[in-house]
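Structure first, then comments.
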Amino acid sequence: MKDLKRISGKTEETKAQNAVVPPSSQAAQQVRLVTITEEEAGQRIDNYLLRVCKGVPKSHVYRILRSGEVRVNKGRIDQLYRLVEGDVVRIPPVRLAERSAAAPVPGAEFAILFEDSHLLVIDKPAGVAVHGGSGVSYGVIEQLRAARPEAKFLELVHRLDRETSGLLLLAKKRSALTNLHEQMREGLTDKRYLAAVYGDWRNKRQHVKLPLHKFTTPDGERRVVVQAGGMESHTVFTLLRKWERFALLEAELKTGRTHQIRVHLASSGFPILGDDKYGDFALNRALQKAGEDHGPLRRMFLHAHQITFTHPDSGKEITLKAPLPPECERFLVSLGQAKT
């Protein structure tokens with residue numbers, strides 16, 4: 001005897017297959033049967049569910065996985081299962097957090113440095129988050145998706161701090177995303193930043209290897225400290241220009257830890273100008289107004305200016321550069337002639 005309960009002559013399974021599920025709170029109460037596309041293939045089932053069930057607590061997603069309520073091709077799977085094109089995923093009814101008062105995300109485009117069918121590379125302005133969360137309703141990724149409703153796939157390849165400007169890579173295909181993630185894990189990409197710091201920097205080229213420990217403050221803010229036993233971290237700094245009190249450095253990331261450049265510099269005695277987390281706060285306040293030997297600076301002087309990687313489809317090496325923002329250029333001009 002079949003277990004499926006019949007409702008109005010149809011089984012629940014058939015009813016779910018025939019349902020057109022709109023993105024609404026009502027839809028969250030229905031069983032969904034979703035066929036995995038080529039772009040969705042390769043993801044772990046838990047990561048896929050966390051993405052498509054936005055607003056559902058992570059603990060609940062893992063509970064429905066453990067209980068077997070989520071099925072793939074009518075069979076039970078564990079959270080490590082990787083989806084294959086053509087898989088049919090059964091997603092049980094889930095209750096989304098009420099967000100009736102949430103304002104719609106305004107679509108926005110940003111300065112494009114490179115785009116093809118696989119990749120989108122933009123020049124992110126300072127002060128703009130890359131994604132929503134931690135008190136930010138939306139960021140670059142949400143705004144780009146709103147501006148490009150026809151895009152079937154658009155995901156961040158990496159992240160930049162809200163206060164950092166410059167090169168930001170986004171993938172337009174899952175194959176490109178996984179390929180670039182692998183390149184970054186293997187250290188095959190070359191990411192370089194420009195940073196202006198306070199202090200008497202002397203070495204033309206300097207390696208900083210300090211272990212970093214990440215933690216969250218009681219108010220939910222991410223912070224990083226140099227701490228024994230922390231994650232191995234390595235940055236190479238090259239002196240580009242030097243003044244009496246300031247220096248312009250190029251930072252080459254050998255590892256990609258949270259706030260790595262900012263903490264490596266601050267812990268070495270050379271805080272980044274305008275850094276409101278790890279910088280010299282009194283100096284930052286002074287920099288916001290033009291002084292006798294400097295112009296105003298009302299942002300953190302950290303800019304992702306160059307990246308080199310292998311194109312995930314063509315296999316060709318690509319180097320992209322983002323020009324220094326005008327407000328940073330003006331500040332450097334205000335310092336006068338550099339010593340080096």
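Residues in the structure tokens are numbered from 1 in each chain, the chains being A, B, ... in the order shown, and ligands are numbered from 1 in the order shown.
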
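For Phe153 of chain A, the set of protein, DNA and RNA residues having any atom at most 8 Å away, when counting only C-alpha atoms and skipping those fewer than 3 positions along the same chain, is Glu39, Ala171, Lys172, Lys173 and Arg174 of chain A.
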
Create the file for the chosen residues now, containing N, CA and C atoms and written as an mmCIF file, in the first residue's frame.
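What ended up in selection18.cif:
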data_model
loop_
_atom_site.group_PDB
_atom_site.id
_atom_site.type_symbol
_atom_site.label_atom_id
_atom_site.label_comp_id
_atom_site.auth_asym_id
_atom_site.auth_seq_id
_atom_site.Cartn_x
_atom_site.Cartn_y
_atom_site.Cartn_z
ATOM 1 N N GLU A 39 24.592 24.871 -14.550
ATOM 2 C CA GLU A 39 25.272 25.888 -13.752
ATOM 3 C C GLU A 39 25.220 25.581 -12.256
ATOM 4 N N ALA A 171 31.706 35.568 -10.955
ATOM 5 C CA ALA A 171 31.574 34.495 -11.935
ATOM 6 C C ALA A 171 30.165 34.469 -12.502
ATOM 7 N N LYS A 172 30.061 34.262 -13.813
ATOM 8 C CA LYS A 172 28.767 34.172 -14.490
ATOM 9 C C LYS A 172 28.408 32.727 -14.810
ATOM 10 N N LYS A 173 29.330 31.815 -14.486
ATOM 11 C CA LYS A 173 29.091 30.377 -14.633
ATOM 12 C C LYS A 173 29.678 29.671 -13.418
ATOM 13 N N ARG A 174 29.011 28.606 -12.968
ATOM 14 C CA ARG A 174 29.539 27.871 -11.818
ATOM 15 C C ARG A 174 30.902 27.267 -12.132
#

Each residue of segment 51-162 of chain A lying at most 12 Å from segment 178-195 of chain A should get a row with its shortest atom-to-atom pair and the distance in Å to one decimal, counting only C-alpha atoms; could you produce that, ordered by chain and increasing number, as a tab-separated table?
residue	atom	partner	partner_atom	distance
A:His118	CA	A:Asn179	CA	10.9
A:Leu119	CA	A:Leu180	CA	10.2
A:Glu155	CA	A:Thr178	CA	10.7
A:Leu156	CA	A:His181	CA	10.3
A:Val157	CA	A:His181	CA	6.9
A:His158	CA	A:His181	CA	8.3
A:Arg159	CA	A:His181	CA	11.9
A:Leu160	CA	A:Tyr193	CA	11.1

Selected residues written out with all heavy atoms, as an mmCIF file, in the first residue's frame:
data_model
loop_
_atom_site.group_PDB
_atom_site.id
_atom_site.type_symbol
_atom_site.label_atom_id
_atom_site.label_comp_id
_atom_site.auth_asym_id
_atom_site.auth_seq_id
_atom_site.Cartn_x
_atom_site.Cartn_y
_atom_site.Cartn_z
ATOM 1 N N HIS A 118 31.857 34.261 -19.109
ATOM 2 C CA HIS A 118 32.247 33.540 -17.900
ATOM 3 C C HIS A 118 32.477 34.436 -16.698
ATOM 4 O O HIS A 118 32.241 34.025 -15.558
ATOM 5 C CB HIS A 118 33.528 32.736 -18.149
ATOM 6 C CG HIS A 118 33.347 31.564 -19.062
ATOM 7 N ND1 HIS A 118 33.195 31.699 -20.433
ATOM 8 C CD2 HIS A 118 33.278 30.233 -18.813
ATOM 9 C CE1 HIS A 118 33.051 30.497 -20.968
ATOM 10 N NE2 HIS A 118 33.093 29.602 -20.018
ATOM 11 N N LEU A 119 32.966 35.655 -16.946
ATOM 12 C CA LEU A 119 33.414 36.514 -15.857
ATOM 13 C C LEU A 119 32.898 37.939 -15.983
ATOM 14 O O LEU A 119 32.631 38.425 -17.081
ATOM 15 C CB LEU A 119 34.949 36.578 -15.831
ATOM 16 C CG LEU A 119 35.724 35.296 -15.550
ATOM 17 C CD1 LEU A 119 37.211 35.559 -15.729
ATOM 18 C CD2 LEU A 119 35.433 34.797 -14.142
ATOM 19 N N GLU A 155 27.852 35.121 -9.048
ATOM 20 C CA GLU A 155 28.346 34.905 -7.691
ATOM 21 C C GLU A 155 29.695 35.598 -7.507
ATOM 22 O O GLU A 155 30.498 35.710 -8.443
ATOM 23 C CB GLU A 155 28.525 33.408 -7.402
ATOM 24 C CG GLU A 155 27.238 32.602 -7.387
ATOM 25 C CD GLU A 155 26.415 32.814 -6.119
ATOM 26 O OE1 GLU A 155 26.926 33.467 -5.181
ATOM 27 O OE2 GLU A 155 25.278 32.321 -6.080
ATOM 28 N N LEU A 156 29.969 36.030 -6.275
ATOM 29 C CA LEU A 156 31.262 36.607 -5.929
ATOM 30 C C LEU A 156 32.348 35.534 -5.968
ATOM 31 O O LEU A 156 32.175 34.449 -5.412
ATOM 32 C CB LEU A 156 31.219 37.215 -4.528
ATOM 33 C CG LEU A 156 30.325 38.438 -4.323
ATOM 34 C CD1 LEU A 156 30.099 38.658 -2.825
ATOM 35 C CD2 LEU A 156 30.945 39.668 -4.955
ATOM 36 N N VAL A 157 33.464 35.828 -6.619
ATOM 37 C CA VAL A 157 34.608 34.915 -6.602
ATOM 38 C C VAL A 157 35.402 35.105 -5.312
ATOM 39 O O VAL A 157 35.916 34.167 -4.723
ATOM 40 C CB VAL A 157 35.510 35.154 -7.833
ATOM 41 C CG1 VAL A 157 36.793 34.325 -7.741
ATOM 42 C CG2 VAL A 157 34.740 34.811 -9.114
ATOM 43 N N HIS A 158 35.503 36.350 -4.868
ATOM 44 C CA HIS A 158 36.223 36.669 -3.623
ATOM 45 C C HIS A 158 35.548 37.899 -3.028
ATOM 46 O O HIS A 158 34.553 38.385 -3.540
ATOM 47 C CB HIS A 158 37.710 36.938 -3.904
ATOM 48 C CG HIS A 158 37.943 38.125 -4.781
ATOM 49 N ND1 HIS A 158 38.521 39.288 -4.350
ATOM 50 C CD2 HIS A 158 37.637 38.342 -6.087
ATOM 51 C CE1 HIS A 158 38.582 40.161 -5.330
ATOM 52 N NE2 HIS A 158 38.056 39.609 -6.407
ATOM 53 N N ARG A 159 36.094 38.419 -1.945
ATOM 54 C CA ARG A 159 35.483 39.557 -1.260
ATOM 55 C C ARG A 159 36.495 40.666 -1.044
ATOM 56 O O ARG A 159 37.707 40.416 -1.006
ATOM 57 C CB ARG A 159 34.893 39.120 0.093
ATOM 58 C CG ARG A 159 33.657 38.258 -0.061
ATOM 59 C CD ARG A 159 33.273 37.577 1.241
ATOM 60 N NE ARG A 159 31.987 36.920 1.146
ATOM 61 C CZ ARG A 159 31.749 35.783 0.517
ATOM 62 N NH1 ARG A 159 32.744 35.161 -0.099
ATOM 63 N NH2 ARG A 159 30.547 35.257 0.481
ATOM 64 N N LEU A 160 35.971 41.861 -0.894
ATOM 65 C CA LEU A 160 36.765 43.012 -0.475
ATOM 66 C C LEU A 160 36.077 43.628 0.729
ATOM 67 O O LEU A 160 34.848 43.629 0.810
ATOM 68 C CB LEU A 160 36.853 44.069 -1.593
ATOM 69 C CG LEU A 160 37.654 43.734 -2.858
ATOM 70 C CD1 LEU A 160 37.536 44.886 -3.851
ATOM 71 C CD2 LEU A 160 39.114 43.462 -2.534
#

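Nearest to Thr308 of chain A of all the residues A:Glu244, A:Glu69, A:Glu252, A:Asp161 is A:Glu252, based on only C-alpha atoms.
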
Quiz prompt | Neighbour list for Leu240 of chain A as a ChimeraX atom specification, cut-off 7 Å, only C-alpha atoms, skip fewer than 2 positions in-chain | solution = /A:238,248-250

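Of the residues listed (A:Lys339, A:Arg71, A:Arg222, A:Arg285), A:Arg71 shows the shortest atom-to-atom separation from Val31 of chain A; distances use only C-alpha atoms.
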
Quiz item: Please, which residues of segment 111-145 of chain A, numbered as in this document, come out strand (DSSP E) from DSSP, as number ranges by chain?
Solution: A: 111-115, 119-124

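Counting only C-alpha atoms and comparing A:Leu297, A:Thr217, A:Leu302, A:Lys242, the residue that lies closest to Lys204 of chain A is A:Lys242.
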
Quiz prompt | Å distance separating atom CA of His305 of chain A from atom CA of Ile261 of chain A, one decimal place | solution = 13.8 Å

Practice problem: Skip Pro211 of chain A itself and residues of its chain fewer than 5 positions away, then list as a PyMOL selection string all residues within 8 Å of it, counting only C-alpha atoms. | Solution: chain A and resi 226-233

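Compared by their closest atoms to Asn73 of chain A, and using only C-alpha atoms, the residues A:Ile112, A:Val34, A:Val105, A:Ala41 rank with A:Val34 nearest.
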
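Take atom CA of Gly336 of chain A and atom CA of Asn284 of chain A: the distance between them is 19.4 Å.
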
Quiz prompt | Atom pair atom CA of Phe281 of chain A / atom CA of Thr258 of chain A: separation (Å) | solution = 20.7 Å

Self-check item: Option closest in space to Trp201 of chain A, from A:Lys277, A:Asp219, A:Gly269, A:Val225 [counting only C-alpha atoms]
Solution: A:Gly269

Quiz item: Within 9 Å of Ala108 of chain A, counting only C-alpha atoms, which residues qualify if same-chain residues fewer than 4 places away don't, as a PyMOL selection string?
Solution: chain A and resi 140+142-148

Those selected residues, please, written with all heavy atoms and delivered as a PDB file, in the first residue's frame.
ATOM      1  N   VAL A 140      27.073  44.873  -3.346  1.00  0.00           N
ATOM      2  CA  VAL A 140      27.339  44.832  -4.778  1.00  0.00           C
ATOM      3  C   VAL A 140      26.623  43.675  -5.453  1.00  0.00           C
ATOM      4  O   VAL A 140      25.972  43.841  -6.486  1.00  0.00           O
ATOM      5  CB  VAL A 140      28.865  44.735  -5.034  1.00  0.00           C
ATOM      6  CG1 VAL A 140      29.149  44.415  -6.494  1.00  0.00           C
ATOM      7  CG2 VAL A 140      29.556  46.018  -4.641  1.00  0.00           C
ATOM      8  N   GLU A 142      23.973  41.867  -4.619  1.00  0.00           N
ATOM      9  CA  GLU A 142      22.515  42.003  -4.688  1.00  0.00           C
ATOM     10  C   GLU A 142      22.115  43.082  -5.688  1.00  0.00           C
ATOM     11  O   GLU A 142      21.129  42.924  -6.425  1.00  0.00           O
ATOM     12  CB  GLU A 142      21.943  42.333  -3.306  1.00  0.00           C
ATOM     13  CG  GLU A 142      22.016  41.203  -2.286  1.00  0.00           C
ATOM     14  CD  GLU A 142      23.323  41.156  -1.518  1.00  0.00           C
ATOM     15  OE1 GLU A 142      24.186  42.039  -1.757  1.00  0.00           O
ATOM     16  OE2 GLU A 142      23.492  40.250  -0.689  1.00  0.00           O
ATOM     17  N   GLN A 143      22.869  44.163  -5.751  1.00  0.00           N
ATOM     18  CA  GLN A 143      22.542  45.244  -6.682  1.00  0.00           C
ATOM     19  C   GLN A 143      22.763  44.821  -8.133  1.00  0.00           C
ATOM     20  O   GLN A 143      21.982  45.171  -9.022  1.00  0.00           O
ATOM     21  CB  GLN A 143      23.363  46.492  -6.356  1.00  0.00           C
ATOM     22  CG  GLN A 143      22.937  47.172  -5.063  1.00  0.00           C
ATOM     23  CD  GLN A 143      23.655  48.484  -4.846  1.00  0.00           C
ATOM     24  OE1 GLN A 143      24.825  48.504  -4.495  1.00  0.00           O
ATOM     25  NE2 GLN A 143      22.964  49.591  -5.066  1.00  0.00           N
ATOM     26  N   LEU A 144      23.830  44.069  -8.378  1.00  0.00           N
ATOM     27  CA  LEU A 144      24.083  43.594  -9.737  1.00  0.00           C
ATOM     28  C   LEU A 144      23.011  42.593 -10.172  1.00  0.00           C
ATOM     29  O   LEU A 144      22.574  42.598 -11.330  1.00  0.00           O
ATOM     30  CB  LEU A 144      25.470  42.963  -9.825  1.00  0.00           C
ATOM     31  CG  LEU A 144      26.645  43.939  -9.901  1.00  0.00           C
ATOM     32  CD1 LEU A 144      27.962  43.191  -9.770  1.00  0.00           C
ATOM     33  CD2 LEU A 144      26.614  44.722 -11.211  1.00  0.00           C
ATOM     34  N   ARG A 145      22.598  41.713  -9.258  1.00  0.00           N
ATOM     35  CA  ARG A 145      21.536  40.756  -9.604  1.00  0.00           C
ATOM     36  C   ARG A 145      20.231  41.483  -9.914  1.00  0.00           C
ATOM     37  O   ARG A 145      19.489  41.089 -10.822  1.00  0.00           O
ATOM     38  CB  ARG A 145      21.334  39.760  -8.463  1.00  0.00           C
ATOM     39  CG  ARG A 145      22.449  38.725  -8.344  1.00  0.00           C
ATOM     40  CD  ARG A 145      22.297  37.933  -7.070  1.00  0.00           C
ATOM     41  NE  ARG A 145      23.343  36.921  -6.916  1.00  0.00           N
ATOM     42  CZ  ARG A 145      23.653  36.335  -5.770  1.00  0.00           C
ATOM     43  NH1 ARG A 145      23.001  36.674  -4.663  1.00  0.00           N
ATOM     44  NH2 ARG A 145      24.622  35.441  -5.717  1.00  0.00           N
ATOM     45  N   ALA A 146      19.948  42.558  -9.149  1.00  0.00           N
ATOM     46  CA  ALA A 146      18.729  43.329  -9.404  1.00  0.00           C
ATOM     47  C   ALA A 146      18.810  44.046 -10.741  1.00  0.00           C
ATOM     48  O   ALA A 146      17.800  44.194 -11.438  1.00  0.00           O
ATOM     49  CB  ALA A 146      18.509  44.333  -8.269  1.00  0.00           C
ATOM     50  N   ALA A 147      20.007  44.486 -11.113  1.00  0.00           N
ATOM     51  CA  ALA A 147      20.186  45.202 -12.381  1.00  0.00           C
ATOM     52  C   ALA A 147      20.221  44.248 -13.568  1.00  0.00           C
ATOM     53  O   ALA A 147      20.005  44.668 -14.709  1.00  0.00           O
ATOM     54  CB  ALA A 147      21.471  46.019 -12.347  1.00  0.00           C
ATOM     55  N   ARG A 148      20.474  42.963 -13.301  1.00  0.00           N
ATOM     56  CA  ARG A 148      20.584  41.968 -14.379  1.00  0.00           C
ATOM     57  C   ARG A 148      19.654  40.789 -14.076  1.00  0.00           C
ATOM     58  O   ARG A 148      20.117  39.678 -13.810  1.00  0.00           O
ATOM     59  CB  ARG A 148      22.036  41.479 -14.488  1.00  0.00           C
ATOM     60  CG  ARG A 148      23.039  42.583 -14.800  1.00  0.00           C
ATOM     61  CD  ARG A 148      24.457  42.042 -14.773  1.00  0.00           C
ATOM     62  NE  ARG A 148      25.414  43.037 -15.228  1.00  0.00           N
ATOM     63  CZ  ARG A 148      26.472  42.767 -16.000  1.00  0.00           C
ATOM     64  NH1 ARG A 148      26.723  41.524 -16.384  1.00  0.00           N
ATOM     65  NH2 ARG A 148      27.299  43.745 -16.376  1.00  0.00           N
TER      66      ARG A 148
END

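Candidate residues A:Ala196, A:Val136, A:Leu170, A:Val52 were compared for distance to Met300 of chain A, and the nearest is A:Ala196, using only C-alpha atoms.
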
Self-check item: Exercise: Ser67 of chain A partners within 10 Å, only C-alpha atoms, chain neighbours under 5 positions left out, as a ChimeraX atom specification
Solution: /A:62,76,78
